[in-house]
Amino acid sequence: MIKEKKKFSVRRLFRSFSYALRGVRQVIYAEQNARVHTCVLVCVVVAGMYFRLSSTEWIAVALAAGGVFAGETFNTAIEELSDAVSPQYDERIKRVKDFSAGAVLIMAITAAIIGLVIFIPKVAGCCY
């Protein structure tokens with residue numbers, strides 16, 4: 001049976017955004033790594049304003065930060081679902097959680113490299 005599409009509703013749209021924002025807030029409050037990423041992002045934004053990043057540099061920073069936060073959010077979702085499906089220890093669930101955490105680590109390292117490529121020349125340029 002095909003589900004009938006619902007008519008567009010601004011109220012439903014805003015409600016869906018509120019659910020998404022609640023999810024982001026829950027990840028930041030519940031996950032230590034998300035709080036670390038948030039603190040790092042605040043520092044990067046302040047440094048970016050100080051060094052007057054170009055539009056292209058801001059795009060790179062935004063994509064990197066968005067990737068890290070999206071990865072952290074997916075990781076949290078996978079962990080929560082895994083714990084709900086298998087509360088007892090399961091080697092397969094452990095592997096899934098490790099894979100998910102590894103994906104976040106890869107994105108965080110990539111974001112750090114992007115930050116170094118952008119900021120090292122600016123820091124070195126202001127010192128000489």
# chains A, B, ... in the order shown; residues from 1 in each chain; ligands from 1
>>> residues_around(residues="segment 12-29 of chain A", least_positions_apart="4", cutoff="12 Å", atoms="only C-alpha atoms", output="ChimeraX atom specification")
/A:6-8,33-39,66,69-77,79-80
>>> write_last_selection(atoms="N, CA, C and O atoms", output="PDB file, in the first residue's frame")
ATOM      1  N   LYS A   6       1.555  13.860   2.600  1.00  0.00           N
ATOM      2  CA  LYS A   6       0.857  14.890   3.354  1.00  0.00           C
ATOM      3  C   LYS A   6       1.055  16.231   2.676  1.00  0.00           C
ATOM      4  O   LYS A   6       2.098  16.496   2.084  1.00  0.00           O
ATOM      5  N   LYS A   7       0.054  17.076   2.802  1.00  0.00           N
ATOM      6  CA  LYS A   7       0.115  18.410   2.248  1.00  0.00           C
ATOM      7  C   LYS A   7       1.154  19.227   3.011  1.00  0.00           C
ATOM      8  O   LYS A   7       1.350  19.036   4.215  1.00  0.00           O
ATOM      9  N   PHE A   8       1.848  20.140   2.328  1.00  0.00           N
ATOM     10  CA  PHE A   8       2.873  20.973   2.965  1.00  0.00           C
ATOM     11  C   PHE A   8       2.258  21.766   4.105  1.00  0.00           C
ATOM     12  O   PHE A   8       1.174  22.330   3.986  1.00  0.00           O
ATOM     13  N   ASN A  33      32.882  14.090  23.549  1.00  0.00           N
ATOM     14  CA  ASN A  33      33.600  14.452  22.329  1.00  0.00           C
ATOM     15  C   ASN A  33      32.890  15.566  21.566  1.00  0.00           C
ATOM     16  O   ASN A  33      33.542  16.431  20.974  1.00  0.00           O
ATOM     17  N   ALA A  34      31.569  15.578  21.592  1.00  0.00           N
ATOM     18  CA  ALA A  34      30.817  16.646  20.927  1.00  0.00           C
ATOM     19  C   ALA A  34      31.085  17.983  21.608  1.00  0.00           C
ATOM     20  O   ALA A  34      31.189  19.023  20.938  1.00  0.00           O
ATOM     21  N   ARG A  35      31.224  17.968  22.931  1.00  0.00           N
ATOM     22  CA  ARG A  35      31.550  19.216  23.643  1.00  0.00           C
ATOM     23  C   ARG A  35      32.959  19.681  23.296  1.00  0.00           C
ATOM     24  O   ARG A  35      33.202  20.881  23.124  1.00  0.00           O
ATOM     25  N   VAL A  36      33.881  18.731  23.170  1.00  0.00           N
ATOM     26  CA  VAL A  36      35.251  19.086  22.760  1.00  0.00           C
ATOM     27  C   VAL A  36      35.222  19.700  21.363  1.00  0.00           C
ATOM     28  O   VAL A  36      35.836  20.744  21.112  1.00  0.00           O
ATOM     29  N   HIS A  37      34.493  19.063  20.439  1.00  0.00           N
ATOM     30  CA  HIS A  37      34.385  19.589  19.070  1.00  0.00           C
ATOM     31  C   HIS A  37      33.778  20.998  19.089  1.00  0.00           C
ATOM     32  O   HIS A  37      34.211  21.871  18.328  1.00  0.00           O
ATOM     33  N   THR A  38      32.806  21.222  19.955  1.00  0.00           N
ATOM     34  CA  THR A  38      32.173  22.543  20.049  1.00  0.00           C
ATOM     35  C   THR A  38      33.179  23.589  20.526  1.00  0.00           C
ATOM     36  O   THR A  38      33.256  24.689  19.964  1.00  0.00           O
ATOM     37  N   CYS A  39      33.961  23.256  21.540  1.00  0.00           N
ATOM     38  CA  CYS A  39      34.981  24.198  22.047  1.00  0.00           C
ATOM     39  C   CYS A  39      36.026  24.501  20.978  1.00  0.00           C
ATOM     40  O   CYS A  39      36.413  25.670  20.794  1.00  0.00           O
ATOM     41  N   GLY A  66      31.143  20.827   9.921  1.00  0.00           N
ATOM     42  CA  GLY A  66      29.867  20.144   9.699  1.00  0.00           C
ATOM     43  C   GLY A  66      30.048  18.643   9.575  1.00  0.00           C
ATOM     44  O   GLY A  66      29.252  17.862  10.110  1.00  0.00           O
ATOM     45  N   PHE A  69      30.704  17.229  13.128  1.00  0.00           N
ATOM     46  CA  PHE A  69      29.491  17.192  13.944  1.00  0.00           C
ATOM     47  C   PHE A  69      28.480  16.181  13.410  1.00  0.00           C
ATOM     48  O   PHE A  69      27.828  15.482  14.186  1.00  0.00           O
ATOM     49  N   ALA A  70      28.353  16.082  12.093  1.00  0.00           N
ATOM     50  CA  ALA A  70      27.450  15.075  11.521  1.00  0.00           C
ATOM     51  C   ALA A  70      27.950  13.678  11.868  1.00  0.00           C
ATOM     52  O   ALA A  70      27.161  12.806  12.265  1.00  0.00           O
ATOM     53  N   GLY A  71      29.257  13.466  11.750  1.00  0.00           N
ATOM     54  CA  GLY A  71      29.827  12.170  12.098  1.00  0.00           C
ATOM     55  C   GLY A  71      29.602  11.826  13.559  1.00  0.00           C
ATOM     56  O   GLY A  71      29.241  10.691  13.897  1.00  0.00           O
ATOM     57  N   GLU A  72      29.813  12.800  14.430  1.00  0.00           N
ATOM     58  CA  GLU A  72      29.605  12.576  15.864  1.00  0.00           C
ATOM     59  C   GLU A  72      28.142  12.256  16.157  1.00  0.00           C
ATOM     60  O   GLU A  72      27.824  11.402  16.992  1.00  0.00           O
ATOM     61  N   THR A  73      27.245  12.919  15.454  1.00  0.00           N
ATOM     62  CA  THR A  73      25.820  12.674  15.648  1.00  0.00           C
ATOM     63  C   THR A  73      25.432  11.282  15.157  1.00  0.00           C
ATOM     64  O   THR A  73      24.688  10.553  15.836  1.00  0.00           O
ATOM     65  N   PHE A  74      25.931  10.888  13.974  1.00  0.00           N
ATOM     66  CA  PHE A  74      25.682   9.531  13.487  1.00  0.00           C
ATOM     67  C   PHE A  74      26.266   8.494  14.450  1.00  0.00           C
ATOM     68  O   PHE A  74      25.636   7.469  14.733  1.00  0.00           O
ATOM     69  N   ASN A  75      27.458   8.753  14.939  1.00  0.00           N
ATOM     70  CA  ASN A  75      28.103   7.841  15.880  1.00  0.00           C
ATOM     71  C   ASN A  75      27.239   7.661  17.129  1.00  0.00           C
ATOM     72  O   ASN A  75      27.024   6.541  17.599  1.00  0.00           O
ATOM     73  N   THR A  76      26.737   8.751  17.648  1.00  0.00           N
ATOM     74  CA  THR A  76      25.882   8.690  18.831  1.00  0.00           C
ATOM     75  C   THR A  76      24.606   7.906  18.537  1.00  0.00           C
ATOM     76  O   THR A  76      24.175   7.079  19.352  1.00  0.00           O
ATOM     77  N   ALA A  77      24.019   8.153  17.373  1.00  0.00           N
ATOM     78  CA  ALA A  77      22.801   7.431  16.999  1.00  0.00           C
ATOM     79  C   ALA A  77      23.065   5.930  16.885  1.00  0.00           C
ATOM     80  O   ALA A  77      22.274   5.104  17.367  1.00  0.00           O
ATOM     81  N   GLU A  79      25.450   4.229  18.385  1.00  0.00           N
ATOM     82  CA  GLU A  79      25.684   3.703  19.728  1.00  0.00           C
ATOM     83  C   GLU A  79      24.375   3.506  20.490  1.00  0.00           C
ATOM     84  O   GLU A  79      24.163   2.468  21.132  1.00  0.00           O
ATOM     85  N   GLU A  80      23.489   4.485  20.419  1.00  0.00           N
ATOM     86  CA  GLU A  80      22.196   4.391  21.116  1.00  0.00           C
ATOM     87  C   GLU A  80      21.376   3.225  20.568  1.00  0.00           C
ATOM     88  O   GLU A  80      20.807   2.445  21.339  1.00  0.00           O
TER      89      GLU A  80
END
>>> atom_distance(atom1="atom CA of Val45 of chain A", atom2="atom CA of Ala64 of chain A")
12.4 Å
>>> residues_around(residues="segment 52-62 of chain A", least_positions_apart="4", cutoff="12 Å", atoms="only C-alpha atoms", output="PyMOL selection string")
chain A and resi 40-48+66-70+108+110-119+121-123
>>> write_last_selection(atoms="C-alpha atoms", output="JSON list (two decimals), in the first residue's frame")
[["chain", "number", "residue", "atom", "x", "y", "z"],
["A", 40, "VAL", "CA", 37.44, 23.67, 19.20],
["A", 41, "LEU", "CA", 34.93, 25.12, 16.74],
["A", 42, "VAL", "CA", 34.48, 28.24, 18.87],
["A", 43, "CYS", "CA", 38.28, 28.71, 18.93],
["A", 44, "VAL", "CA", 38.48, 28.19, 15.17],
["A", 45, "VAL", "CA", 35.71, 30.73, 14.53],
["A", 46, "VAL", "CA", 37.41, 33.32, 16.77],
["A", 47, "ALA", "CA", 40.76, 32.68, 15.04],
["A", 48, "GLY", "CA", 39.05, 32.83, 11.66],
["A", 66, "GLY", "CA", 29.87, 20.14, 9.70],
["A", 67, "GLY", "CA", 31.40, 16.80, 8.76],
["A", 68, "VAL", "CA", 32.78, 16.28, 12.25],
["A", 69, "PHE", "CA", 29.49, 17.19, 13.94],
["A", 70, "ALA", "CA", 27.45, 15.08, 11.52],
["A", 108, "ALA", "CA", 38.31, 14.96, 12.94],
["A", 110, "THR", "CA", 40.78, 15.58, 8.21],
["A", 111, "ALA", "CA", 39.32, 18.71, 9.82],
["A", 112, "ALA", "CA", 42.54, 19.24, 11.80],
["A", 113, "ILE", "CA", 44.60, 18.97, 8.61],
["A", 114, "ILE", "CA", 42.31, 21.49, 6.89],
["A", 115, "GLY", "CA", 42.74, 23.80, 9.90],
["A", 116, "LEU", "CA", 46.52, 23.47, 9.81],
["A", 117, "VAL", "CA", 46.64, 24.18, 6.07],
["A", 118, "ILE", "CA", 44.56, 27.33, 6.59],
["A", 119, "PHE", "CA", 46.01, 28.66, 9.84],
["A", 121, "PRO", "CA", 50.55, 30.28, 7.03],
["A", 122, "LYS", "CA", 48.49, 32.97, 8.77],
["A", 123, "VAL", "CA", 50.14, 32.39, 12.16]]
>>> residues_around(residues="Lys97 of chain A", least_positions_apart="2", cutoff="8 Å", atoms="only C-alpha atoms", output="list of chain:residue names")
A:Asn75, A:Ile78, A:Glu79, A:Ser82, A:Ile93, A:Lys94, A:Arg95, A:Phe99, A:Ser100, A:Ala101
>>> atom_distance(atom1="atom CA of Val96 of chain A", atom2="atom CA of Ala65 of chain A")
23.4 Å
>>> atom_distance(atom1="atom CA of Gln32 of chain A", atom2="atom CA of Ile109 of chain A")
17.2 Å
>>> decode(residues="chain A", atoms="C-alpha atoms", output="compact mmCIF listing (two decimals), in the first residue's frame")
# COMPACT_ATOMS: atom_id res chain seq x y z
CA MET A 1 0.00 0.00 0.00
CA ILE A 2 1.40 3.40 -0.99
CA LYS A 3 1.34 6.01 1.72
CA GLU A 4 -0.37 9.21 0.68
CA LYS A 5 1.83 12.32 0.80
CA LYS A 6 0.86 14.89 3.35
CA LYS A 7 0.12 18.41 2.25
CA PHE A 8 2.87 20.97 2.97
CA SER A 9 2.55 22.56 6.38
CA VAL A 10 4.77 25.29 7.81
CA ARG A 11 3.83 24.08 11.27
CA ARG A 12 4.99 20.53 10.49
CA LEU A 13 8.17 21.93 8.93
CA PHE A 14 9.02 23.94 12.06
CA ARG A 15 8.20 20.95 14.25
CA SER A 16 10.65 18.80 12.29
CA PHE A 17 13.35 21.47 12.68
CA SER A 18 12.68 21.59 16.42
CA TYR A 19 13.16 17.79 16.62
CA ALA A 20 16.45 18.07 14.72
CA LEU A 21 17.71 20.90 16.94
CA ARG A 22 16.74 18.88 20.02
CA GLY A 23 18.84 16.01 18.67
CA VAL A 24 21.85 18.27 18.15
CA ARG A 25 21.46 19.71 21.64
CA GLN A 26 21.19 16.22 23.15
CA VAL A 27 24.37 15.10 21.39
CA ILE A 28 26.29 18.14 22.64
CA TYR A 29 25.06 17.68 26.22
CA ALA A 30 25.43 13.89 26.32
CA GLU A 31 28.67 13.32 24.44
CA GLN A 32 32.00 14.53 25.79
CA ASN A 33 33.60 14.45 22.33
CA ALA A 34 30.82 16.65 20.93
CA ARG A 35 31.55 19.22 23.64
CA VAL A 36 35.25 19.09 22.76
CA HIS A 37 34.38 19.59 19.07
CA THR A 38 32.17 22.54 20.05
CA CYS A 39 34.98 24.20 22.05
CA VAL A 40 37.44 23.67 19.20
CA LEU A 41 34.93 25.12 16.74
CA VAL A 42 34.48 28.24 18.87
CA CYS A 43 38.28 28.71 18.93
CA VAL A 44 38.48 28.19 15.17
CA VAL A 45 35.71 30.73 14.53
CA VAL A 46 37.41 33.32 16.77
CA ALA A 47 40.76 32.68 15.04
CA GLY A 48 39.05 32.83 11.66
CA MET A 49 37.60 36.24 12.45
CA TYR A 50 40.94 37.46 13.80
CA PHE A 51 42.82 36.32 10.68
CA ARG A 52 39.97 37.41 8.38
CA LEU A 53 39.57 34.14 6.51
CA SER A 54 38.53 34.32 2.89
CA SER A 55 35.16 33.01 1.75
CA THR A 56 36.84 29.88 0.42
CA GLU A 57 38.61 29.29 3.73
CA TRP A 58 35.33 29.74 5.64
CA ILE A 59 33.68 27.22 3.33
CA ALA A 60 36.45 24.70 4.05
CA VAL A 61 36.12 25.31 7.81
CA ALA A 62 32.33 25.00 7.66
CA LEU A 63 32.44 21.77 5.65
CA ALA A 64 35.06 20.27 7.96
CA ALA A 65 33.19 21.27 11.12
CA GLY A 66 29.87 20.14 9.70
CA GLY A 67 31.40 16.80 8.76
CA VAL A 68 32.78 16.28 12.25
CA PHE A 69 29.49 17.19 13.94
CA ALA A 70 27.45 15.08 11.52
CA GLY A 71 29.83 12.17 12.10
CA GLU A 72 29.60 12.58 15.86
CA THR A 73 25.82 12.67 15.65
CA PHE A 74 25.68 9.53 13.49
CA ASN A 75 28.10 7.84 15.88
CA THR A 76 25.88 8.69 18.83
CA ALA A 77 22.80 7.43 17.00
CA ILE A 78 24.54 4.17 16.13
CA GLU A 79 25.68 3.70 19.73
CA GLU A 80 22.20 4.39 21.12
CA LEU A 81 20.54 2.03 18.65
CA SER A 82 23.17 -0.65 19.27
CA ASP A 83 22.63 -0.45 23.03
CA ALA A 84 18.86 -0.68 22.57
CA VAL A 85 19.11 -3.69 20.25
CA SER A 86 21.76 -5.51 22.27
CA PRO A 87 22.10 -4.34 25.88
CA GLN A 88 24.39 -7.26 26.68
CA TYR A 89 27.96 -7.40 25.34
CA ASP A 90 28.16 -8.54 21.74
CA GLU A 91 31.42 -8.58 19.77
CA ARG A 92 29.59 -7.58 16.56
CA ILE A 93 28.01 -4.56 18.26
CA LYS A 94 31.44 -3.60 19.64
CA ARG A 95 32.86 -3.74 16.11
CA VAL A 96 30.02 -1.59 14.74
CA LYS A 97 30.61 0.99 17.48
CA ASP A 98 34.37 0.93 16.80
CA PHE A 99 33.77 1.45 13.07
CA SER A 100 31.47 4.36 13.79
CA ALA A 101 33.93 5.97 16.22
CA GLY A 102 36.70 5.41 13.68
CA ALA A 103 34.71 7.33 11.06
CA VAL A 104 34.45 10.30 13.43
CA LEU A 105 38.19 10.10 14.12
CA ILE A 106 38.95 10.13 10.39
CA MET A 107 36.76 13.22 9.92
CA ALA A 108 38.31 14.96 12.94
CA ILE A 109 41.83 14.30 11.63
CA THR A 110 40.78 15.58 8.21
CA ALA A 111 39.32 18.71 9.82
CA ALA A 112 42.54 19.24 11.80
CA ILE A 113 44.60 18.97 8.61
CA ILE A 114 42.31 21.49 6.89
CA GLY A 115 42.74 23.80 9.90
CA LEU A 116 46.52 23.47 9.81
CA VAL A 117 46.64 24.18 6.07
CA ILE A 118 44.56 27.33 6.59
CA PHE A 119 46.01 28.66 9.84
CA ILE A 120 49.74 27.79 9.82
CA PRO A 121 50.55 30.28 7.03
CA LYS A 122 48.49 32.97 8.77
CA VAL A 123 50.14 32.39 12.16
CA ALA A 124 53.61 32.22 10.54
CA GLY A 125 52.87 35.37 8.52
CA CYS A 126 51.90 37.43 11.56
CA CYS A 127 55.10 36.46 13.41
CA TYR A 128 57.51 37.69 10.75
